[in-house]
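Structure, as structure tokens:
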2 protein chains.
Amino acid sequence: MRRLLPAGDTRETRACYLISSSPYAVEINMSHSRTHPCLPLMHMMNLEQIAKLSGVSRSTVSRVINDDPHVSDGTRENVLRVVRLMNYVPNAAARGLARGRTQVIGLVIPTGISTLFADPYFSIFIQGVSSACNAHGHSVMLWLAEPEYERRQIRQIVHGGSIDGVIVASALTDDVLLNELSQSQRPYVVVGRRPNDWQTSYVDADNSGGARDAVRHLLRLGRRRIATIIGPQNMIAGLDRLTGYVMALREYGLPIDQDLIAEGGFNESGGYLAMQQLLPRRPEAVFAASDTMAIGALRAIREVGLRVPDDLALIGFDDTPLAARTDPPLTVIRQPAQQLGRMAVEILLEVIDYPEVAPQCLILPTELVVRASCGAALV
Amino acid sequence: MRRLLPAGDTRETRACYLISSSPYAVEINMSHSRTHPCLPLMHMMNLEQIAKLSGVSRSTVSRVINDDPHVSDGTRENVLRVVRLMNYVPNAAARGLARGRTQVIGLVIPTGISTLFADPYFSIFIQGVSSACNAHGHSVMLWLAEPEYERRQIRQIVHGGSIDGVIVASALTDDVLLNELSQSQRPYVVVGRRPNDWQTSYVDADNSGGARDAVRHLLRLGRRRIATIIGPQNMIAGLDRLTGYVMALREYGLPIDQDLIAEGGFNESGGYLAMQQLLPRRPEAVFAASDTMAIGALRAIREVGLRVPDDLALIGFDDTPLAARTDPPLTVIRQPAQQLGRMAVEILLEVIDYPEVAPQCLILPTELVVRASCGAALV
DNA sequence: CTGAAAGCGCTTACAG
DNA sequence: CTGAAAGCGCTTACAG
């Protein structure tokens, strides 16, 4: 696979591969001579050259580059002129080596293909991370954790010295990487609450608060017999969202009825099955702990001919784009995905700068997005 | 924003921030003393130490690490044992500096928020890139191109020396980064065909072939009066998909009717408006050059009370998850997003290893995904 | 097969 | 305010 070059290895011919069913496709092999435009080669400048060109020492150029105040204004301007003219950017590897800091943070995301595939949550989260990194002059190295490379990836992340710290977006309670990380000196923060882990910093959405808000909303709308489709209880988010459900019911002095609780595995078919299980119990409303489960539930409800929200109100959790496009559109609790990304970076940079300080954790508020499925319009 | 630490800066106290509406939330400030577990510090090994521990020179260790055959089996095993024991991984920065190669490739993605937000295309594409990189022992540095940081990002990418090459997923015909890149010596490949640019390597989906297949499919199903909602014609993909539409019609000896072509800007509201414009022309079928436009079109069609596919067949392009969940589900042309990512890496690594060779380009086939909206079931 | 030494491009005390 | 020099942790001819 690595060798894509055409047989002749010719330097004059454009290599065009058309792995395509289209007999009409317009790509053609063409001879041309513009492969080497012989531009002003300006072969990757370095400190030495900048120093020479501006008539000072490398030390001084370095100081200018790094905004060291101990440089006279004249020298500074001179050097800066040359730097800009030559498009000089200090070599990241050399700088990293000398400083022991790479200005790169790692971002590790589990690639349960299903997850990343359909859910833009990670896309938005990554945007948050990226933008916060930019704001702080850092770059982000992305690792999608593939099982096959796990050991190598982990060694690289923990011992490779290519990053200053790492953000781990892992749902698992017992993660190999996290274990390694906690043994190491490397700064890290995880996305997702870690209740009994007092040495790691984390950010998370307020899952229990969000779930409570969802159920409160249903209660305010007059529903009383409220069921819930819960996520796996070995995931903290799954636990927390159930907690929120319980809290809201308690507030209203309502009993917790085990028959109104069904597990849906955080996926659509799970939600579908859970709903089928709940249907005979005649709930007036259902809080699904994820949008995907809500969508499955919707299918089950429709199959028995009940109407949402008239017969049965429904609220999801996450706010995936699908949620807005179901029939009826889903009322949901929205996760602050972008904010989570941003804050993960902020905290990580703190931890990097002040490694001695206590671990930090941050719970961000969720938001109730009212659409049609909860029946707010009916009241 | 950078300072998140609590006022006291105490080292014994866990800093917990609860930016949340939840009075019930369970996080509490807790005193505890496990912050510094005093683990075996094994402070980032280096060659020197490994050499000392295995009784050989640094050179030899280096050779072992790099699979140099000129090492006796005995020495090799000895060194390897120590390496594994100490969890030694060569420092990436130092290695990068010495070799002039970082084993990191850059991935630049435009962040027209809309795009990345709802469309998992990029997620899947990134997965392809990541997995191919893993397979070749490379890492990926991710840049989401934010306008505000553009200049700095570009300087960093082109002149920063932190990456060996870069994949640019840019739709724009005139991209600042691409211009800079083509002036530089830095290897790069772009995602998206570049018709008149003979010096850059690229990968792309077979947009024209895909569009042609879509329209062919409609033709085979007996539809004749086929309209199309096209994308912006300053984007190559927009152009190519129109070309495919034209090709298919030509194959069947049908005329190209300007009145059956409307521009929808590759977004939903654009698709909606374009469809409204086409409706009076009474098409029997519509090929929308993107799923989002198809979804907009669907809305317009439903508003006038026409049925899909009975009155009007519809095909989209991309295969976003939404496409499978519209009513009726959308028949679409699927892009080989993952493959595109994989191949972008393969080609980039080629270009990095053989910079003197001619630019390479690769067009990957699309796939027709038949669902309900095209009316295949009706025939 | 192995080691001593130079060099990659930067930063950072240390003198002046 | 400025420069000479050591050092960051690796690789790679060059000798042996």
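So you can find residues: chains in the structure tokens are A, B, ... in the order shown, residues in each start at 1, and ligands are numbered from 1 in order.
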Worksheet item: Using the chain letters and numbers from this document, which residues of stretch 82-167 of chain B does DSSP assign to strand (DSSP E or B), as a ChimeraX atom specification?
Response: /B:104-110,139-145,165-167
Worksheet entry | Selection: 9 Å around C:DT2, only C-alpha atoms (C1' of nucleotides), excl. self and same-chain fewer than 3 positions, as number ranges by chain | B: 56-57, 59-60, 71; D: 16
For the selection just defined, write its residues with C-alpha atoms (C1' of nucleotides) to a file, as a short mmCIF file (atom, residue, chain, number, x, y, z; two decimals), in the first residue's frame.
```cif
data_model
loop_
_atom_site.label_atom_id
_atom_site.label_comp_id
_atom_site.auth_asym_id
_atom_site.auth_seq_id
_atom_site.Cartn_x
_atom_site.Cartn_y
_atom_site.Cartn_z
CA VAL B 56 26.93 -0.24 26.17
CA SER B 57 27.32 3.11 24.45
CA SER B 59 25.22 4.72 19.86
CA THR B 60 24.49 1.09 20.39
CA VAL B 71 24.13 -5.09 16.34
"C1'" DG D 16 38.39 1.03 14.87
#
```
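Every chain C residue lying within 8 Å of chain B, based on only C-alpha atoms (C1' of nucleotides), is listed here: DC1, DT2, DG3, DG7, DC8 and DG9 of chain C.
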Just the selected residues (N, CA and C atoms (P, O5', C5', C4', C3', O3' and C1' of nucleotides)), exported as a JSON list (two decimals), in the first residue's frame, please.
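Saved to out06.json:
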```
[["chain", "number", "residue", "atom", "x", "y", "z"],
["C", 1, "DC", "P", 27.05, -7.97, 12.84],
["C", 1, "DC", "O5'", 27.87, -7.35, 14.05],
["C", 1, "DC", "C5'", 27.86, -7.96, 15.33],
["C", 1, "DC", "C4'", 28.78, -7.15, 16.20],
["C", 1, "DC", "C3'", 28.07, -6.06, 17.00],
["C", 1, "DC", "O3'", 28.49, -6.16, 18.35],
["C", 1, "DC", "C1'", 29.88, -5.13, 15.77],
["C", 2, "DT", "P", 27.87, -5.37, 19.49],
["C", 2, "DT", "O5'", 28.80, -4.09, 19.55],
["C", 2, "DT", "C5'", 30.06, -4.18, 20.19],
["C", 2, "DT", "C4'", 30.72, -2.81, 20.17],
["C", 2, "DT", "C3'", 29.93, -1.71, 20.84],
["C", 2, "DT", "O3'", 30.62, -1.35, 22.03],
["C", 2, "DT", "C1'", 30.90, -0.98, 18.79],
["C", 3, "DG", "P", 30.03, -0.27, 23.03],
["C", 3, "DG", "O5'", 30.91, 1.00, 22.68],
["C", 3, "DG", "C5'", 32.31, 0.86, 22.63],
["C", 3, "DG", "C4'", 32.95, 2.17, 22.22],
["C", 3, "DG", "C3'", 32.38, 3.40, 22.92],
["C", 3, "DG", "O3'", 33.47, 4.29, 23.17],
["C", 3, "DG", "C1'", 32.14, 3.66, 20.59],
["C", 7, "DG", "P", 30.41, 19.55, 13.74],
["C", 7, "DG", "O5'", 28.84, 19.30, 13.65],
["C", 7, "DG", "C5'", 28.33, 18.25, 12.82],
["C", 7, "DG", "C4'", 26.84, 18.19, 13.03],
["C", 7, "DG", "C3'", 26.20, 19.56, 13.28],
["C", 7, "DG", "O3'", 25.02, 19.68, 12.51],
["C", 7, "DG", "C1'", 25.63, 18.07, 15.00],
["C", 8, "DC", "P", 24.41, 21.11, 12.26],
["C", 8, "DC", "O5'", 22.85, 20.83, 12.24],
["C", 8, "DC", "C5'", 22.29, 19.60, 11.86],
["C", 8, "DC", "C4'", 21.01, 19.39, 12.61],
["C", 8, "DC", "C3'", 20.41, 20.69, 13.13],
["C", 8, "DC", "O3'", 19.47, 21.17, 12.17],
["C", 8, "DC", "C1'", 20.37, 18.94, 14.80],
["C", 9, "DG", "P", 19.57, 22.70, 11.67],
["C", 9, "DG", "O5'", 18.81, 23.51, 12.81],
["C", 9, "DG", "C5'", 17.48, 23.15, 13.12],
["C", 9, "DG", "C4'", 17.10, 23.80, 14.41],
["C", 9, "DG", "C3'", 17.35, 25.30, 14.46],
["C", 9, "DG", "O3'", 16.15, 25.91, 14.89],
["C", 9, "DG", "C1'", 18.28, 24.25, 16.35]]
```
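The nearest approach to chain A among the residues B:Ala262, B:Met45, B:Ala214, B:Leu314, with only C-alpha atoms taken into account, belongs to B:Met45.
The neighbours of A:Glu268 here are the residues that come within 8 Å of it, using only C-alpha atoms (C1' of nucleotides) and leaving out any residue fewer than 5 positions away in the same chain; they are Thr292, Met293, Ala294, Ile295, Gly296 and Ala297 of chain A.
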Those residues you just picked out, can you put them in a file as a PDB file, in the first residue's frame with C-alpha atoms?
```
ATOM      1  CA  THR A 292     -30.385   7.655  20.747  1.00  0.00           C
ATOM      2  CA  MET A 293     -32.353   5.727  23.334  1.00  0.00           C
ATOM      3  CA  ALA A 294     -35.153   8.306  23.021  1.00  0.00           C
ATOM      4  CA  ILE A 295     -35.229   7.684  19.288  1.00  0.00           C
ATOM      5  CA  GLY A 296     -35.523   3.969  19.842  1.00  0.00           C
ATOM      6  CA  ALA A 297     -38.258   4.603  22.366  1.00  0.00           C
TER       7      ALA A 297
END
```
Item to complete: Considering only C-alpha atoms, state which residue in the set B:Ile167, B:Ala92, B:Leu239, B:Cys133 is at the smallest distance from chain A.
Response: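 Result for the nearest residue to chain A: B:Ala92.
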Fill in: Test item: residues at most 6 Å from B:Ser373, only C-alpha atoms (C1' of nucleotides), excluding those fewer than 6 positions along its chain, as a PyMOL selection string
chain B and resi 308-309+313-314+328-331
Practice prompt. Extract the full set of helix (DSSP H, G or I) residues from stretch 71-245 of chain A according to DSSP on the backbone, and format it as an MDAnalysis selection string.
Written response: chainID A and resid 73:86 92:99 113:118 121:135 147:159 176:183 207:220 236:245
Discussion item. Applying 8 Å and only C-alpha atoms (C1' of nucleotides), which residues near B:Val108 remain after dropping the ones on its own chain fewer than 6 positions away? List them as a list in words.
Written reply: Leu142, Trp143, Leu144, Ala145, Val166, Ile167, Val168, Ala169 and Ser170 of chain B
Produce a file of the selected residues containing all heavy atoms, as an mmCIF file, in the first residue's frame.
```
data_model
loop_
_atom_site.group_PDB
_atom_site.id
_atom_site.type_symbol
_atom_site.label_atom_id
_atom_site.label_comp_id
_atom_site.auth_asym_id
_atom_site.auth_seq_id
_atom_site.Cartn_x
_atom_site.Cartn_y
_atom_site.Cartn_z
ATOM 1 N N LEU B 142 -3.722 18.129 14.773
ATOM 2 C CA LEU B 142 -4.967 18.616 14.198
ATOM 3 C C LEU B 142 -5.088 20.127 14.293
ATOM 4 O O LEU B 142 -4.953 20.701 15.368
ATOM 5 C CB LEU B 142 -6.149 17.973 14.929
ATOM 6 C CG LEU B 142 -7.531 18.350 14.439
ATOM 7 C CD1 LEU B 142 -7.796 17.742 13.078
ATOM 8 C CD2 LEU B 142 -8.590 17.905 15.432
ATOM 9 N N TRP B 143 -5.336 20.748 13.160
ATOM 10 C CA TRP B 143 -5.619 22.177 13.177
ATOM 11 C C TRP B 143 -7.010 22.438 12.629
ATOM 12 O O TRP B 143 -7.280 22.150 11.460
ATOM 13 C CB TRP B 143 -4.624 22.949 12.324
ATOM 14 C CG TRP B 143 -3.359 23.288 12.990
ATOM 15 C CD1 TRP B 143 -3.148 24.265 13.909
ATOM 16 C CD2 TRP B 143 -2.068 22.665 12.779
ATOM 17 N NE1 TRP B 143 -1.817 24.282 14.291
ATOM 18 C CE2 TRP B 143 -1.146 23.330 13.614
ATOM 19 C CE3 TRP B 143 -1.610 21.626 11.963
ATOM 20 C CZ2 TRP B 143 0.195 22.989 13.667
ATOM 21 C CZ3 TRP B 143 -0.278 21.283 12.008
ATOM 22 C CH2 TRP B 143 0.617 21.948 12.862
ATOM 23 N N LEU B 144 -7.885 22.953 13.465
ATOM 24 C CA LEU B 144 -9.144 23.431 12.948
ATOM 25 C C LEU B 144 -8.926 24.895 12.620
ATOM 26 O O LEU B 144 -8.668 25.705 13.506
ATOM 27 C CB LEU B 144 -10.263 23.264 13.975
ATOM 28 C CG LEU B 144 -10.480 21.827 14.440
ATOM 29 C CD1 LEU B 144 -11.718 21.725 15.304
ATOM 30 C CD2 LEU B 144 -10.596 20.885 13.263
ATOM 31 N N ALA B 145 -8.992 25.198 11.332
ATOM 32 C CA ALA B 145 -8.615 26.538 10.886
ATOM 33 C C ALA B 145 -9.610 27.585 11.349
ATOM 34 O O ALA B 145 -10.702 27.688 10.821
ATOM 35 C CB ALA B 145 -8.492 26.555 9.369
ATOM 36 N N VAL B 166 1.511 17.817 5.423
ATOM 37 C CA VAL B 166 0.189 18.220 5.877
ATOM 38 C C VAL B 166 -0.904 17.843 4.877
ATOM 39 O O VAL B 166 -0.701 17.886 3.667
ATOM 40 C CB VAL B 166 0.181 19.736 6.211
ATOM 41 C CG1 VAL B 166 0.808 20.527 5.093
ATOM 42 C CG2 VAL B 166 -1.206 20.244 6.487
ATOM 43 N N ILE B 167 -2.018 17.438 5.454
ATOM 44 C CA ILE B 167 -3.205 17.152 4.656
ATOM 45 C C ILE B 167 -4.173 18.312 4.834
ATOM 46 O O ILE B 167 -4.516 18.669 5.956
ATOM 47 C CB ILE B 167 -3.891 15.859 5.133
ATOM 48 C CG1 ILE B 167 -2.975 14.660 4.865
ATOM 49 C CG2 ILE B 167 -5.239 15.674 4.446
ATOM 50 C CD1 ILE B 167 -3.478 13.364 5.485
ATOM 51 N N VAL B 168 -4.578 18.901 3.743
ATOM 52 C CA VAL B 168 -5.471 20.049 3.830
ATOM 53 C C VAL B 168 -6.835 19.685 3.265
ATOM 54 O O VAL B 168 -6.959 19.370 2.085
ATOM 55 C CB VAL B 168 -4.918 21.260 3.059
ATOM 56 C CG1 VAL B 168 -5.825 22.470 3.236
ATOM 57 C CG2 VAL B 168 -3.512 21.585 3.522
ATOM 58 N N ALA B 169 -7.821 19.692 4.142
ATOM 59 C CA ALA B 169 -9.177 19.405 3.687
ATOM 60 C C ALA B 169 -9.871 20.726 3.441
ATOM 61 O O ALA B 169 -10.587 21.237 4.282
ATOM 62 C CB ALA B 169 -9.923 18.589 4.731
ATOM 63 N N SER B 170 -9.615 21.288 2.293
ATOM 64 C CA SER B 170 -10.171 22.608 2.017
ATOM 65 C C SER B 170 -10.991 22.588 0.746
ATOM 66 O O SER B 170 -10.575 22.059 -0.277
ATOM 67 C CB SER B 170 -9.044 23.623 1.867
ATOM 68 O OG SER B 170 -9.552 24.808 1.324
#
```
